[in-house]
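All remarks here apply to the structure that follows.
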Amino acid sequence: MSHRISRRTLLRGLGGATLSVPILSALAERSTLAQDGGRPLRFFLMFTGNGQQPSHWLPPSGGESDFILGPALEPLAAMREKLLLVHGLSGVKGHSGGMSETTTGWPSTNGDAIPIHGPSIDQLFAARWSQATPLPSMELGVFPANELIDQTSYSASGLPVPALGSPLGVFQRLFDVTNLEPVVAEAQRARRARVLDHVAGDIRSIRDRIGPAARALLDEHLSLVESQEEALLRPYVPIDCALPTAPGSDLGVVDTWRAQHDNVIAAFRCDITRVATLRAGGWGGIEEGKYDEIGISSGHHSAAHSGPGEALLGINRFHAEQLAYLLEQLDAVPEGDGTLLDHTVVVWVNELGLGDFNHHSRSNQHVLLAGGARAGLRNGAYFDLGGVDYQHFLFSLTQLLGATDLDRFGHHGTDRIDALFA
């Protein structure tokens, strides 16, 4: 079993509130434990853009429990009994305007896809569970576009948390906190403490010389620095856990996606973090040239504009293949009376709903969920939610993963969707 070390006492997502370590620790433990006697829960969110064609995504036959996967999801057939497919959710905006609501429940109001509030659903859990693991969360990308309009992870104040597109860079974060000799670890922590102290001093020295808007951004950064300083004051507890071989650099889309998923699997298995996201490209998906190695010359955005052709289906099947690999690998790791997948809620979201691409609508939003049986997520089912507000879906995720003290998420997510629960 891996050991755990507390890393932060404050984190983006807490809205500036100062809480004591015992309160935060109790909150983390209450929020993250499964129903089978204390095994931790995890959360993984995968984002791909451009929605889905109904004829590609919807089951062509079968009912709620005996559904047949549509052609875009066929690569997930081996995991069908651990999938939950829903559609009929209703969002406010689509495409670039739908990016922020997809994960925060706050539709953008100024045309730049940036929410007026946060946090995103992943950063909510990262903040609540931060006391339990070395890394509160990991934000990964596959050729991620990192303009403001492309983001899916946001802090409590709505600041974007960019995705890291280098699998080797992500692996290095895991390596830095794993299998260290105590002497080496303490020396490393001392160096980090000196750097953080210097950074905090610089921030405080300029804080009163800048305007209110810039000061708010600086204050959030300072709270992150101070939380890391406090974490370094606590005793070092080693994590002993085998990591995969370090990935290479300059990888293509297949190896990049596989390596990023390997990073997630290792991080969850070793309890280095319990929250991870992966974003493919940005709001328009991965662009031209990156899918050449799977025989598709189009980028995702241009393929979607062309309609329900072979290129679009091939790209979305490829995405499903990558998710299938992650699910199968998580399901192969025993944990408690189930598997690592049973203790992980996996969510695949889009910023557009089902329909012709050019509609740019989220009036029939679809979501694929997987795993999470020990959290109480329903498995092996498919159904139409008939127009339920998408923000209620995000609120339901908070309830599923233990944040039962919340009565709202996003702008107006307040209702638990009972059909999602076993």
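Identifiers in the structure tokens: chain A, B, ... in order shown; residue index from 1 per chain; ligand index from 1 in order shown.
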**OP:** Please return as a PyMOL selection string: the residues of segment 215-332 of chain A that backbone DSSP assigns to alpha helix (DSSP H).
**Re:** chain A and resi 215-232+253-269+300-305+310-331
Per residue of segment 247-301 of chain A within 8 Å of segment 312-322 of chain A, note the shortest atom pair and the distance in Å to one decimal, counting only C-alpha atoms, and order the rows by chain and increasing residue number, as JSON lines.
```
{"residue": "A:Trp257", "atom": "CA", "partner": "A:Gln322", "partner_atom": "CA", "distance": 6.9}
{"residue": "A:Arg258", "atom": "CA", "partner": "A:Gln322", "partner_atom": "CA", "distance": 6.9}
{"residue": "A:Tyr291", "atom": "CA", "partner": "A:Ile315", "partner_atom": "CA", "distance": 7.7}
{"residue": "A:Ile296", "atom": "CA", "partner": "A:Gly314", "partner_atom": "CA", "distance": 7.5}
{"residue": "A:His300", "atom": "CA", "partner": "A:Ile315", "partner_atom": "CA", "distance": 6.9}
```
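Among the candidate residues A:His87, A:Arg189, A:Pro182, A:Gly371, the one lying nearest to Val346 of chain A is A:Gly371, with distances computed using only C-alpha atoms.
Per DSSP on the backbone, strand (DSSP E or B) in segment 103-243 of chain A comprises A:Met138, A:Glu139, A:Leu140, A:Gly141, A:Val142, A:Tyr154, A:Pro160, A:Leu164.
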Export, as a tab-separated table (two decimals), in the first residue's frame, the selected residues with C-alpha atoms.
```
chain	number	residue	atom	x	y	z
A	138	MET	CA	-3.18	16.63	-12.39
A	139	GLU	CA	-4.30	18.51	-15.50
A	140	LEU	CA	-3.15	16.64	-18.60
A	141	GLY	CA	-3.53	17.32	-22.30
A	142	VAL	CA	-3.06	15.69	-25.67
A	154	TYR	CA	-10.72	26.55	-13.21
A	160	PRO	CA	-7.84	28.76	-15.67
A	164	LEU	CA	0.24	19.97	-19.37
```
Subject >> Selected residue, from A:Glu220, A:Glu101, A:Asp66, A:Glu81, that lies nearest to His411 of chain A when counting only C-alpha atoms >> reply: A:Glu101
